[in-house]
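Structure data (compact mmCIF, C-alpha atoms) from data30.txt:
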# COMPACT_ATOMS: atom_id res chain seq x y z
CA MET A 1 71.31 39.42 -4.38
CA ALA A 2 68.63 40.07 -6.97
CA GLU A 3 68.69 38.35 -10.34
CA PHE A 4 66.21 38.95 -13.15
CA LYS A 5 65.49 37.91 -16.71
CA VAL A 6 64.70 41.09 -18.63
CA VAL A 7 62.69 40.93 -21.86
CA VAL A 8 63.28 44.06 -23.96
CA ALA A 9 60.69 44.94 -26.62
CA ASP A 10 61.52 47.18 -29.56
CA PRO A 11 58.19 48.69 -30.64
CA GLU A 12 59.62 50.00 -33.93
CA THR A 13 60.53 46.55 -35.26
CA GLY A 14 58.29 44.34 -33.10
CA GLU A 15 61.28 42.26 -31.95
CA THR A 16 62.02 41.16 -28.39
CA PHE A 17 65.36 40.34 -26.79
CA GLN A 18 66.24 38.63 -23.51
CA ARG A 19 69.06 39.35 -21.11
CA GLU A 20 69.88 37.97 -17.65
CA ILE A 21 71.01 40.64 -15.18
CA ASP A 22 72.27 40.51 -11.62
CA GLY A 23 74.31 42.58 -9.19
CA GLN A 24 74.24 46.34 -9.56
CA ASP A 25 72.23 46.22 -12.80
CA ALA A 26 69.48 44.24 -11.08
CA ASN A 27 69.47 46.62 -8.11
CA ARG A 28 68.51 49.48 -10.44
CA PHE A 29 65.13 47.80 -10.92
CA LEU A 30 64.40 47.08 -7.23
CA GLY A 31 61.72 49.36 -5.81
CA ARG A 32 60.60 50.58 -9.24
CA ASP A 33 56.96 50.34 -10.34
CA VAL A 34 55.33 49.22 -13.57
CA GLY A 35 55.25 52.32 -15.79
CA ASP A 36 58.53 53.83 -14.51
CA GLU A 37 61.17 54.87 -17.04
CA ILE A 38 64.86 54.17 -16.39
CA GLY A 39 68.09 54.38 -18.34
CA GLY A 40 68.85 51.43 -20.57
CA ASP A 41 72.36 50.99 -19.08
CA ALA A 42 71.08 48.18 -16.84
CA VAL A 43 70.24 46.01 -19.86
CA GLY A 44 73.13 47.07 -22.09
CA LEU A 45 71.31 49.81 -23.99
CA SER A 46 73.22 52.90 -22.89
CA GLU A 47 71.80 55.04 -25.71
CA PHE A 48 68.17 54.31 -24.82
CA THR A 49 65.50 54.84 -22.18
CA VAL A 50 63.25 51.91 -21.29
CA GLU A 51 59.85 51.74 -19.60
CA ILE A 52 58.85 48.88 -17.28
CA THR A 53 55.69 47.37 -18.76
CA GLY A 54 55.20 44.36 -16.49
CA GLY A 55 56.69 41.14 -15.26
CA SER A 56 56.02 37.94 -13.36
CA ASP A 57 57.28 36.10 -10.31
CA GLU A 58 58.95 32.70 -10.11
CA THR A 59 55.58 30.88 -10.16
CA GLY A 60 54.28 32.80 -13.19
CA ARG A 61 51.92 35.19 -11.40
CA PRO A 62 51.74 38.43 -13.42
CA MET A 63 52.36 41.90 -12.04
CA ARG A 64 49.35 44.21 -12.23
CA GLU A 65 49.57 47.97 -12.33
CA ASP A 66 46.44 48.43 -10.19
CA VAL A 67 47.78 46.42 -7.19
CA SER A 68 50.08 48.45 -4.94
CA GLY A 69 53.35 47.25 -3.43
CA THR A 70 54.95 43.85 -3.84
CA ARG A 71 52.20 41.80 -2.24
CA LEU A 72 50.11 38.99 -3.62
CA LYS A 73 46.41 39.65 -3.95
CA GLU A 74 43.44 37.64 -5.15
CA LEU A 75 41.26 39.54 -7.60
CA LEU A 76 38.00 38.64 -9.29
CA LEU A 77 38.88 39.38 -12.91
CA GLU A 78 36.76 39.72 -16.03
CA GLY A 79 39.79 40.09 -18.29
CA GLY A 80 43.04 41.95 -18.67
CA VAL A 81 46.46 41.08 -17.26
CA GLY A 82 46.32 37.66 -15.62
CA PHE A 83 43.12 36.28 -17.15
CA GLN A 84 41.75 35.97 -20.67
CA PRO A 85 38.11 34.77 -20.53
CA SER A 86 37.06 32.02 -22.92
CA ARG A 87 33.42 33.12 -23.10
CA GLU A 88 31.51 36.38 -22.60
CA GLY A 89 30.74 37.27 -18.99
CA GLU A 90 33.21 34.78 -17.52
CA ARG A 91 34.94 35.84 -14.29
CA LYS A 92 37.61 34.09 -12.27
CA ARG A 93 39.49 34.66 -9.02
CA ILE A 94 43.20 34.97 -9.85
CA THR A 95 46.25 35.61 -7.64
CA VAL A 96 48.41 38.44 -8.98
CA ARG A 97 51.48 40.33 -7.76
CA GLY A 98 51.73 44.07 -7.06
CA ARG A 99 53.30 46.63 -9.36
CA GLU A 100 56.55 47.14 -7.40
CA ILE A 101 59.64 45.12 -8.35
CA ALA A 102 61.18 43.08 -5.53
CA ASP A 103 63.37 39.98 -5.14
CA ASP A 104 60.31 37.76 -5.74
CA VAL A 105 60.06 38.90 -9.38
CA ALA A 106 61.76 36.55 -11.86
CA GLN A 107 61.05 38.31 -15.17
CA ILE A 108 60.75 41.99 -16.01
CA ASN A 109 59.25 43.20 -19.27
CA VAL A 110 60.50 46.53 -20.61
CA SER A 111 59.88 48.51 -23.78
CA VAL A 112 62.22 50.96 -25.49
CA VAL A 113 60.63 54.43 -25.37
CA ASP A 114 63.44 56.80 -26.36
CA GLY A 115 66.87 56.71 -27.95
CA GLU A 116 68.83 56.76 -31.15
CA GLY A 117 70.30 53.75 -32.91
CA ASP A 118 69.55 50.09 -33.50
CA VAL A 119 68.37 48.03 -30.51
CA ALA A 120 69.08 44.72 -32.27
CA ALA A 121 72.72 45.69 -32.83
CA ALA A 122 73.27 46.05 -29.08
CA PHE A 123 72.04 42.50 -28.48
CA GLU A 124 73.86 40.95 -31.45
CA ASP A 125 77.20 41.97 -29.93
CA ASP A 126 76.48 39.64 -26.97
CA ASP A 127 75.85 36.62 -29.19
CA GLU A 128 79.35 36.66 -30.69
Would you kindly transcribe this structure into structure tokens?
Amino acid sequence: MAEFKVVVADPETGETFQREIDGQDANRFLGRDVGDEIGGDAVGLSEFTVEITGGSDETGRPMREDVSGTRLKELLLEGGVGFQPSREGERKRITVRGREIADDVAQINVSVVDGEGDVAAAFEDDDE
């Protein structure tokens, strides 16, 4: 059974919120790609639509939108997701994960793209 930590970003306020999901809610993410939009019901935001913006696996390898499937791939990177160079012209071979969500993914990053209401209010109800 899949289990994920979902980090929800609210671009209007700049805040982020975390929620652990499993069972049927987690299954809604399986097979989806980075960039897909889904209903916010899976993370407790029934009034909103969220977009998958990225994620990482259990060892911290980031998901990249330009790598297909769920596989691991070594890329020679000059920057971007997975590598931030410390000097100009620096390149490094980095192992990254594909853009499709599978059981190997531990964290999923999503951003609210549509909906009415207050995102923070939906997460404050869980804290009580």
For this session: Find the residues around A:Gly115 up to 10 Å (only C-alpha atoms counted), leave out those fewer than 6 positions away in its own chain, and share them as a VMD selection string.
Result: chain A and resid 39 to 40 45 to 50
- Have a look at A:Ile101, A:Leu76, A:Asn109, A:Glu12 and name the one nearest to A:Glu51; count all atoms listed in the file.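 Smallest separation from A:Glu51 among the options: A:Asn109.
Across A:Glu78, A:Asp114, A:Glu100, A:Glu90, the tightest approach to A:Glu65 is made by A:Glu100 when counting all atoms listed in the file.
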Got a sec: who's within 7 Å of A:Asp10, counting only C-alpha atoms, leaving out chain neighbours fewer than 3 positions off, as a list in words? Thr13, Gly14, Glu15, Thr16, Ser111, Val112 and Val119 of chain A
*asked:* Using all atoms listed in the file, which protein or nucleic acid residues come within 12 Å of A:Gly89? Drop anything in the same chain fewer than 5 positions from it, and give the result as an NGL selection string.
replied: :A and (77-79 or 84)
Residue with the minimum atom-to-atom distance to A:Glu3, picked from A:Asp66, A:Asp104, A:Asp36, A:Asp41 with all atoms listed in the file counted, is A:Asp104
Determine the nearest neighbour of A:Phe123 from the options A:Leu72, A:Val43, A:Ala2, A:Val34, counting all atoms listed in the file.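 Of all the options, A:Val43 lies closest to A:Phe123.
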Near-A:Glu74 list (12 Å; all atoms listed in the file; drop same-chain fewer than 2 positions) as a list in words: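 Contacts, with the query itself left out: Arg61, Pro62, Arg64, Val67, Arg71, Leu72, Leu76, Leu77, Gly82, Lys92, Arg93, Ile94, Thr95, Val96, Arg97 and Gly98 of chain A.
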* Non-local contacts of A:Val110 (8 Å; all atoms listed in the file; under 4 positions in same chain excluded) as a list in words -> Val6, Val7, Val8, Ala9, Val50, Glu51, Ile52, Thr53 and Gly54 of chain A
Create the file for the chosen residues now, containing C-alpha atoms and written as a JSON list (two decimals), in the coordinates of the input.
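Output saved as out.json:
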[["chain", "number", "residue", "atom", "x", "y", "z"],
["A", 6, "VAL", "CA", 64.70, 41.09, -18.63],
["A", 7, "VAL", "CA", 62.69, 40.93, -21.86],
["A", 8, "VAL", "CA", 63.28, 44.06, -23.96],
["A", 9, "ALA", "CA", 60.69, 44.94, -26.62],
["A", 50, "VAL", "CA", 63.25, 51.91, -21.29],
["A", 51, "GLU", "CA", 59.85, 51.74, -19.60],
["A", 52, "ILE", "CA", 58.85, 48.88, -17.28],
["A", 53, "THR", "CA", 55.69, 47.37, -18.76],
["A", 54, "GLY", "CA", 55.20, 44.36, -16.49]]
Just checking: using all atoms listed in the file, which residue out of A:Gly35, A:Val113, A:Ile108, A:Leu30 ends up closest to A:Gln18?
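The shortest atom-to-atom distance to A:Gln18 comes from A:Ile108.
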Notebook entry, point to check: Just how far from atom CA of A:Arg28 is atom CA of A:Ser68, in Å to one decimal?
Noted result: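 Rounded to one decimal, the two atoms are 19.3 Å apart.
For the pair atom CA of A:Leu75 and atom CA of A:Ser56, the separation is 15.9 Å.
Atom CA of A:Gly31 to atom CA of A:Gln107 spans 14.5 Å [interatomic distance, one decimal].
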| said: Between A:Ile38, A:Ala106, A:Met63, A:Ala26, which residue has the minimum interatomic distance to A:Lys5, considering only C-alpha atoms? | reply: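 Smallest separation from A:Lys5 among the options: A:Ala106.
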